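Asks: Got a structure for you, query_6.txt, holding compact mmCIF, C-alpha atoms.
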# COMPACT_ATOMS: atom_id res chain seq x y z
CA MET A 1 19.31 23.69 -10.49
CA LYS A 2 17.77 20.32 -9.60
CA THR A 3 18.63 18.14 -6.60
CA LEU A 4 18.18 14.37 -6.79
CA THR A 5 18.50 12.24 -3.66
CA LEU A 6 18.57 8.45 -3.88
CA LEU A 7 17.90 6.31 -0.81
CA ARG A 8 18.40 2.57 -0.83
CA HIS A 9 15.98 0.60 1.36
CA ALA A 10 17.30 -0.55 4.73
CA LYS A 11 18.52 -4.08 5.47
CA SER A 12 15.82 -6.65 4.98
CA GLY A 13 15.30 -10.05 6.55
CA TRP A 14 16.21 -13.01 4.37
CA ASP A 15 15.14 -15.51 7.03
CA ASP A 16 11.55 -14.25 7.04
CA PRO A 17 9.22 -16.83 5.44
CA VAL A 18 7.53 -14.74 2.73
CA ALA A 19 6.18 -16.06 -0.54
CA ARG A 20 7.71 -13.34 -2.73
CA ASP A 21 10.79 -11.11 -2.63
CA PHE A 22 8.47 -8.09 -2.97
CA GLU A 23 7.04 -8.87 0.50
CA ARG A 24 10.36 -9.19 2.34
CA PRO A 25 10.33 -6.97 5.49
CA LEU A 26 13.17 -5.14 7.22
CA ASN A 27 15.17 -6.86 9.92
CA PRO A 28 15.76 -5.15 13.30
CA ARG A 29 19.14 -3.75 12.24
CA GLY A 30 17.53 -2.30 9.11
CA ARG A 31 14.79 -0.64 11.12
CA ARG A 32 17.40 0.95 13.39
CA ALA A 33 19.48 2.15 10.42
CA ALA A 34 16.44 3.70 8.74
CA ALA A 35 15.43 5.58 11.89
CA THR A 36 19.03 6.77 12.36
CA MET A 37 19.17 8.03 8.79
CA GLY A 38 15.85 9.84 9.28
CA ARG A 39 17.20 11.73 12.28
CA HIS A 40 20.34 12.59 10.32
CA LEU A 41 18.33 13.91 7.36
CA ARG A 42 16.40 16.15 9.74
CA ALA A 43 19.65 17.38 11.33
CA LEU A 44 20.91 18.26 7.83
CA GLU A 45 17.63 20.15 7.24
CA MET A 46 17.01 18.27 4.02
CA ALA A 47 13.69 18.79 2.25
CA PHE A 48 12.03 17.14 -0.73
CA ASP A 49 9.39 18.55 -3.04
CA ARG A 50 8.46 15.07 -4.24
CA VAL A 51 9.12 11.50 -3.09
CA ILE A 52 8.80 8.55 -5.47
CA ALA A 53 9.32 5.04 -4.09
CA SER A 54 9.15 1.38 -4.95
CA PRO A 55 6.08 -0.17 -3.34
CA ALA A 56 8.04 -3.20 -2.04
CA VAL A 57 7.40 -3.90 1.66
CA ARG A 58 11.03 -3.24 2.62
CA VAL A 59 10.88 0.21 0.98
CA GLN A 60 7.58 1.05 2.68
CA GLU A 61 9.01 0.04 6.06
CA THR A 62 12.20 2.01 5.37
CA LEU A 63 10.17 5.17 4.72
CA ASP A 64 8.07 4.55 7.84
CA ASP A 65 11.20 4.28 9.97
CA VAL A 66 13.00 7.19 8.27
CA GLY A 67 9.84 9.20 8.91
CA GLN A 68 10.10 8.60 12.66
CA GLY A 69 13.24 10.74 12.73
CA PHE A 70 12.79 12.97 9.72
CA GLY A 71 9.09 13.58 9.68
CA ARG A 72 6.30 12.01 7.73
CA MET A 73 6.74 11.72 3.98
CA THR A 74 3.97 11.02 1.51
CA PRO A 75 5.56 9.05 -1.31
CA GLU A 76 4.13 8.27 -4.70
CA TRP A 77 4.40 4.49 -5.02
CA ASP A 78 5.68 3.56 -8.47
CA ARG A 79 5.85 -0.13 -9.34
CA ARG A 80 8.41 0.62 -12.05
CA LEU A 81 10.98 1.30 -9.31
CA TYR A 82 10.85 -2.25 -7.94
CA LEU A 83 14.28 -3.71 -8.78
CA ALA A 84 14.58 -1.12 -11.58
CA SER A 85 17.67 -0.73 -13.75
CA ALA A 86 19.51 2.58 -13.91
CA ALA A 87 17.90 3.29 -17.30
CA SER A 88 14.40 2.68 -15.93
CA LEU A 89 15.09 4.89 -12.90
CA LEU A 90 16.32 7.66 -15.20
CA ASP A 91 13.11 7.39 -17.25
CA VAL A 92 11.02 7.93 -14.09
CA ILE A 93 13.19 10.87 -13.00
CA ARG A 94 12.93 12.54 -16.41
CA GLU A 95 9.11 12.42 -16.14
CA CYS A 96 9.17 14.60 -13.03
CA PRO A 97 7.57 18.04 -13.53
CA ALA A 98 9.96 20.95 -13.97
CA ASP A 99 8.52 22.77 -10.93
CA VAL A 100 9.93 20.07 -8.61
CA GLY A 101 13.31 21.29 -7.40
CA SER A 102 14.24 18.49 -5.01
CA LEU A 103 13.34 14.86 -5.69
CA LEU A 104 13.81 11.82 -3.43
CA VAL A 105 13.76 8.38 -5.09
CA VAL A 106 13.68 5.34 -2.80
CA GLY A 107 14.45 1.93 -4.22
CA HIS A 108 16.83 -0.96 -4.69
CA ASN A 109 20.29 -1.95 -5.79
CA PRO A 110 21.99 -2.48 -8.15
CA GLY A 111 19.87 0.12 -9.97
CA LEU A 112 20.55 3.00 -7.57
CA GLU A 113 24.30 2.43 -7.54
CA ASP A 114 24.40 2.06 -11.32
CA LEU A 115 22.39 5.28 -11.70
CA VAL A 116 24.87 7.28 -9.59
CA LEU A 117 27.78 5.84 -11.58
CA MET A 118 25.97 6.73 -14.82
CA LEU A 119 25.13 10.30 -13.81
CA VAL A 120 28.33 11.34 -12.00
CA PRO A 121 31.50 11.77 -14.07
CA ASP A 122 34.37 9.46 -13.16
CA GLU A 123 36.70 11.61 -11.05
CA ARG A 124 39.13 9.60 -8.96
CA GLY A 125 39.45 10.45 -5.30
CA GLY A 126 35.94 11.78 -4.82
CA LEU A 127 32.68 10.52 -3.37
CA ARG A 128 32.02 8.54 -6.55
CA ASP A 129 34.79 6.13 -5.55
CA SER A 130 32.85 5.27 -2.37
CA VAL A 131 29.70 4.59 -4.41
CA GLU A 132 31.67 2.39 -6.77
CA GLU A 133 33.10 0.45 -3.83
CA LYS A 134 29.67 -0.29 -2.32
CA TYR A 135 26.22 1.30 -1.96
CA PRO A 136 25.05 -0.27 1.34
CA THR A 137 21.47 -0.56 2.53
CA ALA A 138 19.88 2.62 4.00
CA THR A 139 22.51 4.73 2.23
CA LEU A 140 21.78 8.09 0.67
CA ALA A 141 23.37 9.68 -2.39
CA GLN A 142 22.57 13.28 -3.32
CA MET A 143 23.36 14.88 -6.67
CA THR A 144 22.79 18.27 -8.22
CA PHE A 145 22.22 19.09 -11.88
CA ALA A 146 22.63 22.45 -13.59
CA VAL A 147 19.35 22.07 -15.52
CA ASP A 148 15.92 23.69 -15.38
CA ASP A 149 13.95 20.57 -16.30
CA TRP A 150 14.25 16.96 -15.15
CA ALA A 151 13.92 15.88 -18.79
CA ALA A 152 17.41 17.37 -19.34
CA VAL A 153 19.11 15.13 -16.76
CA ALA A 154 21.80 13.25 -18.66
CA PRO A 155 24.62 10.78 -18.02
CA GLY A 156 27.71 12.52 -16.72
CA GLY A 157 25.74 15.66 -15.84
CA ALA A 158 25.59 15.34 -12.05
CA THR A 159 27.69 16.59 -9.18
CA LEU A 160 27.66 14.14 -6.26
CA THR A 161 27.32 16.30 -3.14
CA ARG A 162 26.59 13.68 -0.47
CA PHE A 163 27.07 9.96 0.05
CA ILE A 164 25.98 9.03 3.57
CA ARG A 165 26.01 5.47 4.87
CA PRO A 166 24.37 4.47 8.16
CA ARG A 167 27.83 3.65 9.58
CA ASP A 168 28.91 7.24 8.86
CA VAL A 169 26.19 8.41 11.25
CA ASP A 170 26.45 5.59 13.82
CA PRO A 171 29.56 3.36 13.73
CA GLU A 172 27.56 0.57 15.41
CA LEU A 173 25.65 0.22 12.11
CA GLY A 174 28.84 -0.62 10.21
CA PRO A 175 29.82 -4.05 8.96
CA GLU A 176 32.48 -4.42 11.66
CA ALA A 177 29.94 -3.86 14.47
Can you give me the file's structure in the form of structure tokens?
Replies:
Amino acid sequence: MKTLTLLRHAKSGWDDPVARDFERPLNPRGRRAAATMGRHLRALEMAFDRVIASPAVRVQETLDDVGQGFGRMTPEWDRRLYLASAASLLDVIRECPADVGSLLVVGHNPGLEDLVLMLVPDERGGLRDSVEEKYPTATLAQMTFAVDDWAAVAPGGATLTRFIRPRDVDPELGPEA
């Protein structure tokens, strides 16, 4: 059994004068959402054998803020994850060593959302519907696979076990707030 957790970076600041999208930082609301999600992950007693993340500034800051509540993580920065498609994300996941049981991938949309929709069978009325509706910033999706090796992860082979948005943890982080 393998467990894959996907975390989208927290809300970034579009009004920050940076030269490149890659350098865009989090805004204050994003920092708060990331810290809230970190505390929630700790409360759920989640653990990861390996963390792979996009090196974009907003992802680095997300992990720093998640770490304040969850505990320090030491990610492997992989440039291929920056704005990666679902297919590219799946390639990176399939390269993971078989001895890793629980993998956290931190990156960007639409790739993360598309990956969940690719991996989880279409079953109406479940968590997948929420992913299809919207995969907000600082949101976590967790899937399990009945495989022994990451190379065997295939479209339609996942069970979506969690889809947690910041607003599910703190309603003040919702769009209506």
Asks: Please determine, counting only C-alpha atoms, which residue among A:Ala138, A:Ala158, A:Leu44, A:Leu127 has the shortest atom-to-atom distance to Arg8 (chain A).
Replies: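 Checking each candidate against Arg8 (chain A), we get A:Ala138 as the closest.
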Asks: Find the residues near Gln60 (chain A): any atom within 10 Å, counting all atoms listed in the file, skip ones fewer than 6 places away on the same chain, and give them as a list in words.
Replies: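 Contacts, in chain order: His9, Pro25, Leu26, Ala53, Ser54, Val66, Pro75, Trp77, Val106 and Gly107 of chain A.
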Asks: So how far away is CA of Thr137 (chain A) from CA of Ala43 (chain A), in Å?
Replies: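 Calculated distance between CA of Ala43 (chain A) and CA of Thr137 (chain A) is 20.1 Å.
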Asks: Quick one: residues within 10 Å of Leu41 (chain A), all atoms listed in the file, excluding same-chain residues fewer than 3 positions away - as JSON, numbers by chain?
Replies: {"A": [35, 36, 37, 38, 44, 45, 46, 47, 66, 67, 69, 70, 71, 140, 164]}
Asks: Between A:Gln142, A:Thr161, A:Thr62, A:Ser85, which one has atoms that come closest to Leu115 (chain A), using all atoms listed in the file?
Replies: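 Residue with the minimum atom-to-atom distance to Leu115 (chain A): A:Ser85.
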Asks: When you draw a straight line from CA of Glu95 (chain A) to CA of Met118 (chain A), how long is it in Å?
Replies: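 These two atoms are separated by 17.8 Å.
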Asks: Could you list as a ChimeraX atom specification every residue that has an atom within 12 Å of (17.9, 9.7, -8.0), using the file's coordinates and counting all atoms listed in the file?
Replies: /A:2-8,48,50-53,81,84-94,96,102-108,111-120,140-145,150,153-154,158,160
Asks: In Å, how far is it from CA of Arg58 (chain A) to CA of Asp78 (chain A)?
Replies: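 So the answer is 14.1 Å.
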Asks: Taking all atoms of region 113-124 of chain A that the file lists and extending 4 Å past them on each side, where is the centre of the axis-aligned box and how long are its edges? Answer in Å to one decimal, as lines of an AutoDock Vina configuration file.
Replies:
center_x = 30.8
center_y = 6.9
center_z = -11.2
size_x = 24.7
size_y = 17.7
size_z = 15.3
Asks: Pick out the closest residue to Phe163 (chain A) from this set: A:Ala98, A:Val131, A:Ala10, A:Met1. Count all atoms listed in the file.
Replies: A:Val131
Asks: Can you tell me, as a ChimeraX atom specification, what residues are no more than 7 Å from Val57 (chain A) when counting all atoms listed in the file, ignoring any on the same chain fewer than 6 positions away?
Replies: /A:22-25
Asks: Give as a ChimeraX atom specification the set of residues within 7 Å of the point (22.4, 6.4, 9.2), where distances use the file's coordinates and all atoms listed in the file.
Replies: /A:33-34,36-37,40,138,165-170
Asks: Pick the closest to Asp148 (chain A) from A:Arg39, A:Asp129, A:Val100, A:Gly30: which is it, counting all atoms listed in the file?
Replies: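 That would be A:Val100, the residue with the smallest distance to Asp148 (chain A).
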Asks: Which of these, A:Pro121, A:Pro28, A:Pro17, A:Gly126, has the shortest distance to Arg162 (chain A) once you count all atoms listed in the file?
Replies: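 Among the listed residues, the smallest separation from Arg162 (chain A) belongs to A:Gly126.
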